[in-house]
2 protein chains.
Amino acid sequence: MLVPQLRGQSVASRSNETKQRILNAAEQLFAREGFAGVTVRQIMREAGADVALAYYHFDSKRDLFDAVLMRRADYMNDVRHAALDAVEQRHQDDAPTIEEIIEAFTTPLLQLLAEDPDTWRDYFALIAQINNSPQWGGELMTRFFDPLVRRFIDAIRRALPNSSDADLFWCYHFLSGALTLTFAETGRIDNLSNGVCDSSDMDAINERLPAFIAAGFRHICKPD
Amino acid sequence: MLVPQLRGQSVASRSNETKQRILNAAEQLFAREGFAGVTVRQIMREAGADVALAYYHFDSKRDLFDAVLMRRADYMNDVRHAALDAVEQRHQDDAPTIEEIIEAFTTPLLQLLAEDPDTWRDYFALIAQINNSPQWGGELMTRFFDPLVRRFIDAIRRALPNSSDADLFWCYHFLSGALTLTFAETGRIDNLSNGVCDSSDMDAINERLPAFIAAGFRHICKPD
DNA sequence: AGCCTAATTCAACGTCCGTTGAAAGGCAAA
DNA sequence: TTTGCCTTTCAACGGACGTTGAATTAGGCT
């Protein structure tokens with residue numbers, strides 16, 4: 001099948017562009033106010049398009065919400081899988097340290113932020129809200145992130161042999177809470193510290209979060 | 001001024017009872033669906049009272065939301081202040097360990113859950129959502145919890161002398177994320193672990209969370 | 001040119017929203 | 001019994017909600 005030469009802009013790409021504009025507007029607004037706090041009309045006003053167009057490109061408000069999540073989930077998972085690949089590549093004979101594994105879980109997020117701050121800031125804020133919501137947390141986090149998370153926990157299990165599953169899962173849960181709050185950039189730490197700390201200071205986070213978490217794992221996950 | 005003998009139920013106490021019924025319904029619903037995900041009509045249906053009554057007892061939906069938060073915040077802060085008092089009482093001459101301080105921050109929450117599970121479960125879920133929301137996180141957490149949190153950080157500072165403020169605030173931030181997610185009981189860890197772990201298993205949390213966090217503090221907050 | 005399909009606009013649907021003013025009920029004081 | 005205050009009900013307001021069907025536009029194909 002031949003791909004036709006496109007003069008100017010094809011219909012399909014025009015459609016995809018508006019779809020992305022809608023997703024961008026939705027991502028930003030959902031991140032700030034949550035699913036219920038945003039109306040389809042607001043989103044389409046922000047996207048500069050007619051309300052009905054939302055329902056041409058997506059089945060429903062809920063479907064649009066899922067599409068916002070889905071759009072970046074695969075890429076984010078790929079980046080983190082690649083980081084863990086690199087660690088395992090480096091340690092084909094010996095075992096990596098937990099620090100290296102945790103860093104493979106966290107530093108890709110910092111890289112994404114460095115590449116395209118505005119985009120990923122909103123996405124991470126959205127993930128934080130979902131992770132902490134009884135409504136979405138159980139289902140959506142599981143759906144989008146379980147395979148990656150399981151692989152990381154397996155890697156940590158090998159780095160801390162004979163740890164119990166319960167210890168590993170609980171420690172991952174603590175990691176998950178610390179990580180999502182930190183990347184949500186709610187402004188909380190800025191207020192609490194009277195400006196000593198800056199939510200968006202990624203170097204400060206990179207210097208502390210992986211080491212903090214690794215120390216916690218090390219302390220809890222010991223051979224039975 | 002004389003307090004009149006009340007035959008049956010006084011007007012004032014009748015009023016306070018419905019007010020509490022409204023707050024209970026609001027707490028439960030806000031915890032599950034967030035501020036915007038709940039309507040005043042839903043709340044009043046759940047509370048078994050007329051819609052307009054919400055606006056007799058509270059100024060607005062937002063005011064009701066604040067009242068839900070405020071109702072338990074003072075008591076919760078008192079319990080945690082008392083726990084830290086006890087630690088400082090025990091260590092008037094020597095310094096307490098970080099473990100003891102962190103436990104004074106976390107175990108009161110477990111006690112509240114043991115006393116009245118249904119009530120506090122919803123409240124903690126609500127706090128978790130607020131803490132992770134860009135909309136509320138900065139302002140509300142600061143308003144309700146800053147004095148207590150500052151006192152705890154001061155105590156940790158004395159237990160880990162010469163730590164930098166930035167280290168202390170960041171480590172507290174990680175604690176905050178881990179703690180609020182853990183007490184939110186979203187069901188996430190149950191799914192992830194295929195039932196190995198149980199969100200509501202407070203013993204499992206008590207055995208791991210304080211030790212995990214203390215190890216993190218110890219590792220990061222070292223003399224300059 | 002004319003057709004076909006995909007993309008977009010327009011106008012509207014029924015429903016529910018947060019909120020309010022006025023009326024009704026209940027109970028203590030006089 | 002009447003008065004007066006506190007609490008609760010009733011009915012409604014204007015507006016915004018999620019969603020839809022039909023009409024319009026735009027662009028590639030023959």
# chains A, B, ... in the order shown; residues from 1 in each chain; ligands from 1
call {"tool": "closest_atom_pairs", "arguments": {"of": "chain C", "to": "chain B", "cutoff": "12 Å", "atoms": "only C-alpha atoms (C1' of nucleotides)", "output": "Markdown table"}}
result
| residue | atom | partner | partner_atom | distance |
| --- | --- | --- | --- | --- |
| C:DC16 | C1' | B:Thr39 | CA | 9.5 |
| C:DC17 | C1' | B:Thr39 | CA | 7.7 |
| C:DG18 | C1' | B:Val40 | CA | 7.7 |
| C:DT19 | C1' | B:Tyr55 | CA | 7.9 |
| C:DT20 | C1' | B:Ala52 | CA | 8.5 |
| C:DG21 | C1' | B:Ala52 | CA | 11.0 |
| C:DG26 | C1' | B:Val11 | CA | 8.5 |
| C:DC27 | C1' | B:Val11 | CA | 7.1 |
| C:DA28 | C1' | B:Ser10 | CA | 9.0 |
| C:DA29 | C1' | B:Pro4 | CA | 10.4 |
call {"tool": "write_last_selection", "arguments": {"atoms": "N, CA and C atoms (P, O5', C5', C4', C3', O3' and C1' of nucleotides)", "output": "compact mmCIF listing (two decimals), in the first residue's frame"}}
result
# COMPACT_ATOMS: atom_id res chain seq x y z
P DC C 16 -31.10 14.02 37.06
O5' DC C 16 -30.02 14.94 37.80
C5' DC C 16 -28.68 14.96 37.35
C4' DC C 16 -28.08 16.30 37.67
C3' DC C 16 -28.24 16.71 39.14
O3' DC C 16 -26.96 16.71 39.76
C1' DC C 16 -28.62 18.52 37.65
P DC C 17 -26.73 17.07 41.23
O5' DC C 17 -26.10 18.52 41.15
C5' DC C 17 -24.96 18.73 40.33
C4' DC C 17 -24.67 20.22 40.23
C3' DC C 17 -24.76 20.96 41.55
O3' DC C 17 -23.51 20.92 42.18
C1' DC C 17 -25.90 22.16 39.80
P DG C 18 -23.40 21.03 43.76
O5' DG C 18 -23.47 22.60 44.02
C5' DG C 18 -22.49 23.44 43.44
C4' DG C 18 -22.88 24.90 43.64
C3' DG C 18 -23.03 25.30 45.11
O3' DG C 18 -22.49 26.60 45.32
C1' DG C 18 -25.08 25.65 43.96
P DT C 19 -22.46 27.24 46.78
O5' DT C 19 -23.86 27.99 46.80
C5' DT C 19 -24.18 28.86 45.73
C4' DT C 19 -25.60 29.39 45.87
C3' DT C 19 -25.99 29.84 47.28
O3' DT C 19 -26.11 31.26 47.28
C1' DT C 19 -27.75 28.65 46.18
P DT C 20 -26.46 32.02 48.61
O5' DT C 20 -28.04 32.16 48.45
C5' DT C 20 -28.57 32.81 47.30
C4' DT C 20 -30.07 32.88 47.40
C3' DT C 20 -30.60 33.41 48.74
O3' DT C 20 -31.40 34.56 48.48
C1' DT C 20 -31.75 31.43 48.09
P DG C 21 -31.75 35.59 49.59
O5' DG C 21 -33.34 35.53 49.62
C5' DG C 21 -34.07 35.53 48.39
C4' DG C 21 -35.52 35.26 48.70
C3' DG C 21 -36.03 35.89 49.99
O3' DG C 21 -37.33 36.42 49.77
C1' DG C 21 -36.25 33.51 50.12
P DG C 26 -43.91 19.87 64.35
O5' DG C 26 -42.83 20.54 65.30
C5' DG C 26 -41.44 20.29 65.06
C4' DG C 26 -40.62 20.90 66.19
C3' DG C 26 -41.17 20.62 67.58
O3' DG C 26 -40.07 20.33 68.42
C1' DG C 26 -40.97 22.96 67.25
P DC C 27 -40.29 19.42 69.73
O5' DC C 27 -39.78 20.40 70.88
C5' DC C 27 -38.52 21.06 70.71
C4' DC C 27 -38.53 22.39 71.42
C3' DC C 27 -39.11 22.35 72.84
O3' DC C 27 -38.10 22.79 73.72
C1' DC C 27 -39.87 24.24 71.64
P DA C 28 -38.25 22.64 75.32
O5' DA C 28 -37.93 24.15 75.74
C5' DA C 28 -36.70 24.73 75.31
C4' DA C 28 -36.64 26.18 75.73
C3' DA C 28 -37.00 26.45 77.19
O3' DA C 28 -36.15 27.47 77.70
C1' DA C 28 -38.55 27.56 75.76
P DA C 29 -36.31 27.99 79.17
O5' DA C 29 -37.04 29.40 78.94
C5' DA C 29 -36.44 30.35 78.06
C4' DA C 29 -37.33 31.58 77.94
C3' DA C 29 -37.76 32.20 79.29
O3' DA C 29 -37.67 33.61 79.19
C1' DA C 29 -39.67 31.67 78.03
call {"tool": "closest_atom_pairs", "arguments": {"of": "chain D", "to": "chain A", "cutoff": "12 Å", "atoms": "only C-alpha atoms (C1' of nucleotides)", "output": "tab-separated table"}}
result
residue	atom	partner	partner_atom	distance
D:DA16	C1'	A:Thr39	CA	9.4
D:DC17	C1'	A:Thr39	CA	7.7
D:DG18	C1'	A:Val40	CA	7.8
D:DT19	C1'	A:Tyr55	CA	7.9
D:DT20	C1'	A:Ala52	CA	8.5
D:DG21	C1'	A:Ala52	CA	10.9
D:DA26	C1'	A:Val11	CA	8.6
D:DG27	C1'	A:Val11	CA	6.9
D:DG28	C1'	A:Ser10	CA	8.4
D:DC29	C1'	A:Pro4	CA	11.4
call {"tool": "write_last_selection", "arguments": {"atoms": "N, CA and C atoms (P, O5', C5', C4', C3', O3' and C1' of nucleotides)", "output": "mmCIF file, in the first residue's frame"}}
result
data_model
loop_
_atom_site.group_PDB
_atom_site.id
_atom_site.type_symbol
_atom_site.label_atom_id
_atom_site.label_comp_id
_atom_site.auth_asym_id
_atom_site.auth_seq_id
_atom_site.Cartn_x
_atom_site.Cartn_y
_atom_site.Cartn_z
ATOM 1 P P DA D 16 -23.073 30.022 33.341
ATOM 2 O "O5'" DA D 16 -22.570 28.523 33.403
ATOM 3 C "C5'" DA D 16 -22.290 27.932 34.668
ATOM 4 C "C4'" DA D 16 -22.458 26.447 34.544
ATOM 5 C "C3'" DA D 16 -21.750 25.850 33.324
ATOM 6 O "O3'" DA D 16 -20.787 24.907 33.764
ATOM 7 C "C1'" DA D 16 -23.981 25.039 33.520
ATOM 8 P P DC D 17 -19.892 24.092 32.829
ATOM 9 O "O5'" DC D 17 -20.530 22.638 32.859
ATOM 10 C "C5'" DC D 17 -20.755 22.006 34.124
ATOM 11 C "C4'" DC D 17 -21.624 20.781 33.930
ATOM 12 C "C3'" DC D 17 -21.224 19.934 32.729
ATOM 13 O "O3'" DC D 17 -20.227 19.012 33.151
ATOM 14 C "C1'" DC D 17 -23.617 20.207 32.873
ATOM 15 P P DG D 18 -19.216 18.435 32.053
ATOM 16 O "O5'" DG D 18 -20.057 17.235 31.423
ATOM 17 C "C5'" DG D 18 -20.492 16.175 32.254
ATOM 18 C "C4'" DG D 18 -21.371 15.232 31.465
ATOM 19 C "C3'" DG D 18 -20.690 14.616 30.230
ATOM 20 O "O3'" DG D 18 -21.090 13.256 30.103
ATOM 21 C "C1'" DG D 18 -22.595 15.866 29.561
ATOM 22 P P DT D 19 -20.462 12.334 28.905
ATOM 23 O "O5'" DT D 19 -21.538 12.599 27.748
ATOM 24 C "C5'" DT D 19 -22.913 12.407 28.052
ATOM 25 C "C4'" DT D 19 -23.775 12.813 26.870
ATOM 26 C "C3'" DT D 19 -23.271 12.300 25.508
ATOM 27 O "O3'" DT D 19 -24.174 11.299 25.049
ATOM 28 C "C1'" DT D 19 -24.109 14.538 25.404
ATOM 29 P P DT D 20 -23.898 10.552 23.666
ATOM 30 O "O5'" DT D 20 -24.801 11.408 22.672
ATOM 31 C "C5'" DT D 20 -26.173 11.611 23.000
ATOM 32 C "C4'" DT D 20 -26.855 12.395 21.902
ATOM 33 C "C3'" DT D 20 -26.507 11.933 20.482
ATOM 34 O "O3'" DT D 20 -27.712 11.577 19.831
ATOM 35 C "C1'" DT D 20 -26.315 14.307 20.680
ATOM 36 P P DG D 21 -27.717 10.726 18.493
ATOM 37 O "O5'" DG D 21 -28.330 11.777 17.470
ATOM 38 C "C5'" DG D 21 -29.467 12.550 17.855
ATOM 39 C "C4'" DG D 21 -29.839 13.471 16.719
ATOM 40 C "C3'" DG D 21 -29.582 12.901 15.318
ATOM 41 O "O3'" DG D 21 -30.621 13.359 14.449
ATOM 42 C "C1'" DG D 21 -28.178 14.801 15.682
ATOM 43 P P DA D 26 -14.178 26.067 4.752
ATOM 44 O "O5'" DA D 26 -13.294 24.760 4.576
ATOM 45 C "C5'" DA D 26 -12.882 24.039 5.729
ATOM 46 C "C4'" DA D 26 -12.088 22.824 5.301
ATOM 47 C "C3'" DA D 26 -11.222 23.040 4.057
ATOM 48 O "O3'" DA D 26 -9.929 22.578 4.357
ATOM 49 C "C1'" DA D 26 -12.623 21.142 3.779
ATOM 50 P P DG D 27 -8.741 22.791 3.361
ATOM 51 O "O5'" DG D 27 -8.537 21.312 2.817
ATOM 52 C "C5'" DG D 27 -8.638 20.227 3.734
ATOM 53 C "C4'" DG D 27 -8.460 18.910 3.015
ATOM 54 C "C3'" DG D 27 -7.538 18.968 1.787
ATOM 55 O "O3'" DG D 27 -6.840 17.742 1.707
ATOM 56 C "C1'" DG D 27 -9.697 18.309 1.117
ATOM 57 P P DG D 28 -5.717 17.517 0.592
ATOM 58 O "O5'" DG D 28 -6.144 16.100 0.015
ATOM 59 C "C5'" DG D 28 -6.113 14.951 0.896
ATOM 60 C "C4'" DG D 28 -6.784 13.767 0.203
ATOM 61 C "C3'" DG D 28 -6.106 13.301 -1.078
ATOM 62 O "O3'" DG D 28 -6.225 11.875 -1.156
ATOM 63 C "C1'" DG D 28 -8.279 14.032 -1.571
ATOM 64 P P DC D 29 -5.731 11.045 -2.364
ATOM 65 O "O5'" DC D 29 -7.051 10.759 -3.208
ATOM 66 C "C5'" DC D 29 -8.067 9.921 -2.646
ATOM 67 C "C4'" DC D 29 -9.116 9.590 -3.705
ATOM 68 C "C3'" DC D 29 -8.536 9.135 -5.065
ATOM 69 O "O3'" DC D 29 -9.065 7.874 -5.410
ATOM 70 C "C1'" DC D 29 -10.057 10.965 -5.347
#
call {"tool": "closest_atom_pairs", "arguments": {"of": "chain B", "to": "chain A", "cutoff": "8 Å", "atoms": "only C-alpha atoms", "output": "Markdown table"}}
result
| residue | atom | partner | partner_atom | distance |
| --- | --- | --- | --- | --- |
| B:Ala31 | CA | A:Pro134 | CA | 7.9 |
| B:Arg32 | CA | A:Pro134 | CA | 5.9 |
| B:Glu33 | CA | A:Gln135 | CA | 6.4 |
| B:Phe35 | CA | A:Gly37 | CA | 7.9 |
| B:Ala36 | CA | A:Gly37 | CA | 4.9 |
| B:Gly37 | CA | A:Ala36 | CA | 4.9 |
| B:Ala125 | CA | A:Pro134 | CA | 7.3 |
| B:Ala128 | CA | A:Asn132 | CA | 6.0 |
| B:Gln129 | CA | A:Asn132 | CA | 5.6 |
| B:Asn131 | CA | A:Leu181 | CA | 7.8 |
| B:Asn132 | CA | A:Gln129 | CA | 5.6 |
| B:Ser133 | CA | A:Gln129 | CA | 6.1 |
| B:Pro134 | CA | A:Thr186 | CA | 4.2 |
| B:Gln135 | CA | A:Arg32 | CA | 6.1 |
| B:Gly137 | CA | A:Thr186 | CA | 5.7 |
| B:Gly138 | CA | A:Arg188 | CA | 4.1 |
| B:Glu139 | CA | A:Arg188 | CA | 7.4 |
| B:Met141 | CA | A:Arg188 | CA | 7.3 |
| B:Thr142 | CA | A:Leu192 | CA | 6.6 |
| B:Asp146 | CA | A:Leu192 | CA | 6.7 |
| B:Arg150 | CA | A:Leu192 | CA | 7.9 |
| B:Asp165 | CA | A:Val196 | CA | 7.4 |
| B:Ala166 | CA | A:Cys197 | CA | 6.0 |
| B:Asp167 | CA | A:Arg208 | CA | 7.7 |
| B:Phe169 | CA | A:Ser193 | CA | 6.4 |
| B:Trp170 | CA | A:Cys197 | CA | 7.5 |
| B:Cys171 | CA | A:Phe212 | CA | 7.5 |
| B:His173 | CA | A:Ile189 | CA | 6.7 |
| B:Phe174 | CA | A:Ala178 | CA | 4.5 |
| B:Leu175 | CA | A:Ala178 | CA | 6.6 |
| B:Ser176 | CA | A:Ala178 | CA | 7.1 |
| B:Gly177 | CA | A:Ala178 | CA | 4.2 |
| B:Ala178 | CA | A:Gly177 | CA | 4.2 |
| B:Leu179 | CA | A:Gly177 | CA | 7.3 |
| B:Thr180 | CA | A:Gly177 | CA | 7.3 |
| B:Leu181 | CA | A:Gly177 | CA | 5.2 |
| B:Thr182 | CA | A:Phe174 | CA | 7.1 |
| B:Ala184 | CA | A:Asn132 | CA | 6.7 |
| B:Glu185 | CA | A:Pro134 | CA | 7.0 |
| B:Thr186 | CA | A:Pro134 | CA | 4.2 |
| B:Gly187 | CA | A:Gly138 | CA | 4.9 |
| B:Arg188 | CA | A:Gly138 | CA | 4.1 |
| B:Ile189 | CA | A:His173 | CA | 6.7 |
| B:Asn191 | CA | A:Gly138 | CA | 6.7 |
| B:Leu192 | CA | A:Thr142 | CA | 6.6 |
| B:Ser193 | CA | A:Phe169 | CA | 6.4 |
| B:Val196 | CA | A:Ala166 | CA | 6.3 |
| B:Cys197 | CA | A:Ala166 | CA | 6.0 |
| B:Ile205 | CA | A:Trp170 | CA | 7.8 |
| B:Arg208 | CA | A:Ile220 | CA | 6.7 |
| B:Leu209 | CA | A:Phe174 | CA | 7.5 |
| B:Ala211 | CA | A:Ile220 | CA | 7.2 |
| B:Phe212 | CA | A:Gly216 | CA | 4.2 |
| B:Ile213 | CA | A:Gly216 | CA | 6.3 |
| B:Ala214 | CA | A:Gly216 | CA | 7.7 |
| B:Ala215 | CA | A:Gly216 | CA | 5.3 |
| B:Gly216 | CA | A:Phe212 | CA | 4.2 |
| B:Phe217 | CA | A:Phe212 | CA | 6.9 |
| B:His219 | CA | A:Ala215 | CA | 6.5 |
| B:Ile220 | CA | A:Phe212 | CA | 6.3 |
call {"tool": "write_last_selection", "arguments": {"atoms": "C-alpha atoms", "output": "JSON list (two decimals), in the first residue's frame"}}
result
[["chain", "number", "residue", "atom", "x", "y", "z"],
["B", 31, "ALA", "CA", -13.05, 11.15, 50.82],
["B", 32, "ARG", "CA", -14.28, 8.87, 48.03],
["B", 33, "GLU", "CA", -14.81, 11.33, 45.19],
["B", 35, "PHE", "CA", -14.53, 18.05, 46.47],
["B", 36, "ALA", "CA", -15.75, 18.50, 42.93],
["B", 37, "GLY", "CA", -16.92, 14.90, 42.57],
["B", 125, "ALA", "CA", -8.19, 9.24, 52.61],
["B", 128, "ALA", "CA", -4.12, 12.06, 51.16],
["B", 129, "GLN", "CA", -6.05, 13.55, 48.28],
["B", 131, "ASN", "CA", -1.85, 16.55, 50.17],
["B", 132, "ASN", "CA", -1.38, 15.44, 46.57],
["B", 133, "SER", "CA", -3.51, 18.07, 44.91],
["B", 134, "PRO", "CA", -1.86, 21.16, 43.43],
["B", 135, "GLN", "CA", -5.15, 22.91, 44.10],
["B", 137, "GLY", "CA", -1.99, 20.75, 48.85],
["B", 138, "GLY", "CA", 0.01, 23.90, 49.35],
["B", 139, "GLU", "CA", -2.60, 25.90, 51.20],
["B", 141, "MET", "CA", -1.90, 21.22, 54.55],
["B", 142, "THR", "CA", 0.02, 24.31, 55.59],
["B", 146, "ASP", "CA", 2.32, 23.28, 59.88],
["B", 150, "ARG", "CA", 7.55, 22.16, 62.40],
["B", 165, "ASP", "CA", 17.43, 22.43, 56.81],
["B", 166, "ALA", "CA", 17.06, 21.40, 53.19],
["B", 167, "ASP", "CA", 17.84, 17.77, 54.03],
["B", 169, "PHE", "CA", 12.52, 19.35, 54.88],
["B", 170, "TRP", "CA", 13.03, 17.05, 51.92],
["B", 171, "CYS", "CA", 13.12, 13.97, 54.11],
["B", 173, "HIS", "CA", 8.39, 15.55, 52.40],
["B", 174, "PHE", "CA", 9.20, 11.95, 51.51],
["B", 175, "LEU", "CA", 7.73, 10.85, 54.83],
["B", 176, "SER", "CA", 4.61, 12.87, 54.11],
["B", 177, "GLY", "CA", 4.08, 11.20, 50.74],
["B", 178, "ALA", "CA", 4.65, 7.70, 52.04],
["B", 179, "LEU", "CA", 2.46, 8.28, 55.08],
["B", 180, "THR", "CA", -0.54, 9.82, 53.37],
["B", 181, "LEU", "CA", -0.61, 7.22, 50.59],
["B", 182, "THR", "CA", -0.29, 4.38, 53.07],
["B", 184, "ALA", "CA", -5.33, 6.42, 52.26],
["B", 185, "GLU", "CA", -5.99, 2.69, 51.80],
["B", 186, "THR", "CA", -6.63, 3.02, 48.10],
["B", 187, "GLY", "CA", -6.39, -0.71, 47.49],
["B", 188, "ARG", "CA", -3.35, -0.24, 45.31],
["B", 189, "ILE", "CA", -0.97, -2.45, 47.30],
["B", 191, "ASN", "CA", -3.81, -5.31, 43.73],
["B", 192, "LEU", "CA", -0.08, -5.01, 43.16],
["B", 193, "SER", "CA", 0.78, -7.77, 45.61],
["B", 196, "VAL", "CA", -0.07, -10.71, 49.80],
["B", 197, "CYS", "CA", -0.46, -7.29, 51.43],
["B", 205, "ILE", "CA", 2.35, -0.81, 58.53],
["B", 208, "ARG", "CA", 7.65, -1.19, 58.62],
["B", 209, "LEU", "CA", 6.79, 2.44, 57.98],
["B", 211, "ALA", "CA", 11.65, 2.03, 60.53],
["B", 212, "PHE", "CA", 11.75, 2.65, 56.79],
["B", 213, "ILE", "CA", 11.45, 6.39, 57.25],
["B", 214, "ALA", "CA", 13.90, 6.57, 60.14],
["B", 215, "ALA", "CA", 16.51, 4.76, 58.06],
["B", 216, "GLY", "CA", 16.00, 7.27, 55.27],
["B", 217, "PHE", "CA", 16.42, 10.26, 57.61],
["B", 219, "HIS", "CA", 21.08, 8.17, 55.79],
["B", 220, "ILE", "CA", 20.41, 11.64, 54.38]]
call {"tool": "residues_around", "arguments": {"residues": "DC10 in chain D", "least_positions_apart": "3", "cutoff": "10 Å", "atoms": "only C-alpha atoms (C1' of nucleotides)", "output": "PyMOL selection string"}}
result
(chain B and resi 50+52) or (chain C and resi 22-24)
call {"tool": "closest_residue", "arguments": {"among": "A:Gln42, A:Lys19, A:Leu112, A:Tyr56", "to": "DT9 in chain C", "atoms": "only C-alpha atoms (C1' of nucleotides)"}}
result
A:Tyr56
call {"tool": "atom_distance", "arguments": {"atom1": "CA of Tyr123 in chain B", "atom2": "CA of Glu27 in chain B"}}
result
6.7 Å
call {"tool": "select_by_dssp", "arguments": {"residues": "range 4-214 of chain A", "states": "alpha helix (DSSP H)", "output": "ChimeraX atom specification"}}
result
/A:11-33,40-47,51-57,61-90,98-115,117-131,137-159,165-184,188-192,202-214
call {"tool": "closest_residue", "arguments": {"among": "A:Asn194, A:Arg158, A:Ala25, A:Glu115", "to": "His91 in chain A", "atoms": "only C-alpha atoms"}}
result
A:Arg158
call {"tool": "decode", "arguments": {"residues": "range 169-189 of chain B", "atoms": "N, CA and C atoms", "output": "PDB file, in the first residue's frame"}}
result
ATOM      1  N   PHE B 169      13.809  19.097  55.522  1.00  0.00           N
ATOM      2  CA  PHE B 169      12.515  19.345  54.883  1.00  0.00           C
ATOM      3  C   PHE B 169      12.234  18.334  53.771  1.00  0.00           C
ATOM      4  N   TRP B 170      13.255  18.023  52.991  1.00  0.00           N
ATOM      5  CA  TRP B 170      13.026  17.055  51.922  1.00  0.00           C
ATOM      6  C   TRP B 170      12.694  15.677  52.498  1.00  0.00           C
ATOM      7  N   CYS B 171      13.416  15.278  53.514  1.00  0.00           N
ATOM      8  CA  CYS B 171      13.120  13.975  54.111  1.00  0.00           C
ATOM      9  C   CYS B 171      11.718  13.956  54.705  1.00  0.00           C
ATOM     10  N   TYR B 172      11.333  15.062  55.336  1.00  0.00           N
ATOM     11  CA  TYR B 172       9.960  15.113  55.831  1.00  0.00           C
ATOM     12  C   TYR B 172       8.964  14.988  54.675  1.00  0.00           C
ATOM     13  N   HIS B 173       9.283  15.610  53.557  1.00  0.00           N
ATOM     14  CA  HIS B 173       8.387  15.550  52.398  1.00  0.00           C
ATOM     15  C   HIS B 173       8.212  14.100  51.926  1.00  0.00           C
ATOM     16  N   PHE B 174       9.302  13.363  51.905  1.00  0.00           N
ATOM     17  CA  PHE B 174       9.202  11.948  51.513  1.00  0.00           C
ATOM     18  C   PHE B 174       8.339  11.186  52.512  1.00  0.00           C
ATOM     19  N   LEU B 175       8.575  11.447  53.784  1.00  0.00           N
ATOM     20  CA  LEU B 175       7.733  10.849  54.829  1.00  0.00           C
ATOM     21  C   LEU B 175       6.266  11.171  54.590  1.00  0.00           C
ATOM     22  N   SER B 176       5.986  12.430  54.300  1.00  0.00           N
ATOM     23  CA  SER B 176       4.615  12.872  54.111  1.00  0.00           C
ATOM     24  C   SER B 176       3.929  12.110  52.980  1.00  0.00           C
ATOM     25  N   GLY B 177       4.644  11.936  51.871  1.00  0.00           N
ATOM     26  CA  GLY B 177       4.077  11.205  50.742  1.00  0.00           C
ATOM     27  C   GLY B 177       3.816   9.751  51.072  1.00  0.00           C
ATOM     28  N   ALA B 178       4.798   9.112  51.691  1.00  0.00           N
ATOM     29  CA  ALA B 178       4.647   7.698  52.041  1.00  0.00           C
ATOM     30  C   ALA B 178       3.511   7.509  53.037  1.00  0.00           C
ATOM     31  N   LEU B 179       3.457   8.394  54.013  1.00  0.00           N
ATOM     32  CA  LEU B 179       2.462   8.278  55.079  1.00  0.00           C
ATOM     33  C   LEU B 179       1.042   8.466  54.560  1.00  0.00           C
ATOM     34  N   THR B 180       0.824   9.535  53.807  1.00  0.00           N
ATOM     35  CA  THR B 180      -0.542   9.820  53.368  1.00  0.00           C
ATOM     36  C   THR B 180      -1.039   8.744  52.393  1.00  0.00           C
ATOM     37  N   LEU B 181      -0.167   8.293  51.489  1.00  0.00           N
ATOM     38  CA  LEU B 181      -0.611   7.224  50.587  1.00  0.00           C
ATOM     39  C   LEU B 181      -0.936   5.957  51.361  1.00  0.00           C
ATOM     40  N   THR B 182      -0.085   5.617  52.325  1.00  0.00           N
ATOM     41  CA  THR B 182      -0.288   4.383  53.074  1.00  0.00           C
ATOM     42  C   THR B 182      -1.603   4.406  53.842  1.00  0.00           C
ATOM     43  N   PHE B 183      -1.908   5.553  54.456  1.00  0.00           N
ATOM     44  CA  PHE B 183      -3.126   5.640  55.247  1.00  0.00           C
ATOM     45  C   PHE B 183      -4.364   5.914  54.394  1.00  0.00           C
ATOM     46  N   ALA B 184      -4.179   6.174  53.133  1.00  0.00           N
ATOM     47  CA  ALA B 184      -5.332   6.415  52.259  1.00  0.00           C
ATOM     48  C   ALA B 184      -6.071   5.121  51.934  1.00  0.00           C
ATOM     49  N   GLU B 185      -5.374   3.998  52.065  1.00  0.00           N
ATOM     50  CA  GLU B 185      -5.986   2.687  51.798  1.00  0.00           C
ATOM     51  C   GLU B 185      -6.734   2.664  50.460  1.00  0.00           C
ATOM     52  N   THR B 186      -6.004   2.940  49.418  1.00  0.00           N
ATOM     53  CA  THR B 186      -6.630   3.016  48.099  1.00  0.00           C
ATOM     54  C   THR B 186      -6.873   1.641  47.479  1.00  0.00           C
ATOM     55  N   GLY B 187      -6.281   0.616  48.077  1.00  0.00           N
ATOM     56  CA  GLY B 187      -6.386  -0.711  47.494  1.00  0.00           C
ATOM     57  C   GLY B 187      -5.268  -1.024  46.519  1.00  0.00           C
ATOM     58  N   ARG B 188      -4.420  -0.044  46.287  1.00  0.00           N
ATOM     59  CA  ARG B 188      -3.345  -0.238  45.314  1.00  0.00           C
ATOM     60  C   ARG B 188      -2.424  -1.391  45.689  1.00  0.00           C
ATOM     61  N   ILE B 189      -1.947  -1.424  46.919  1.00  0.00           N
ATOM     62  CA  ILE B 189      -0.975  -2.455  47.303  1.00  0.00           C
ATOM     63  C   ILE B 189      -1.623  -3.834  47.299  1.00  0.00           C
TER      64      ILE B 189
END
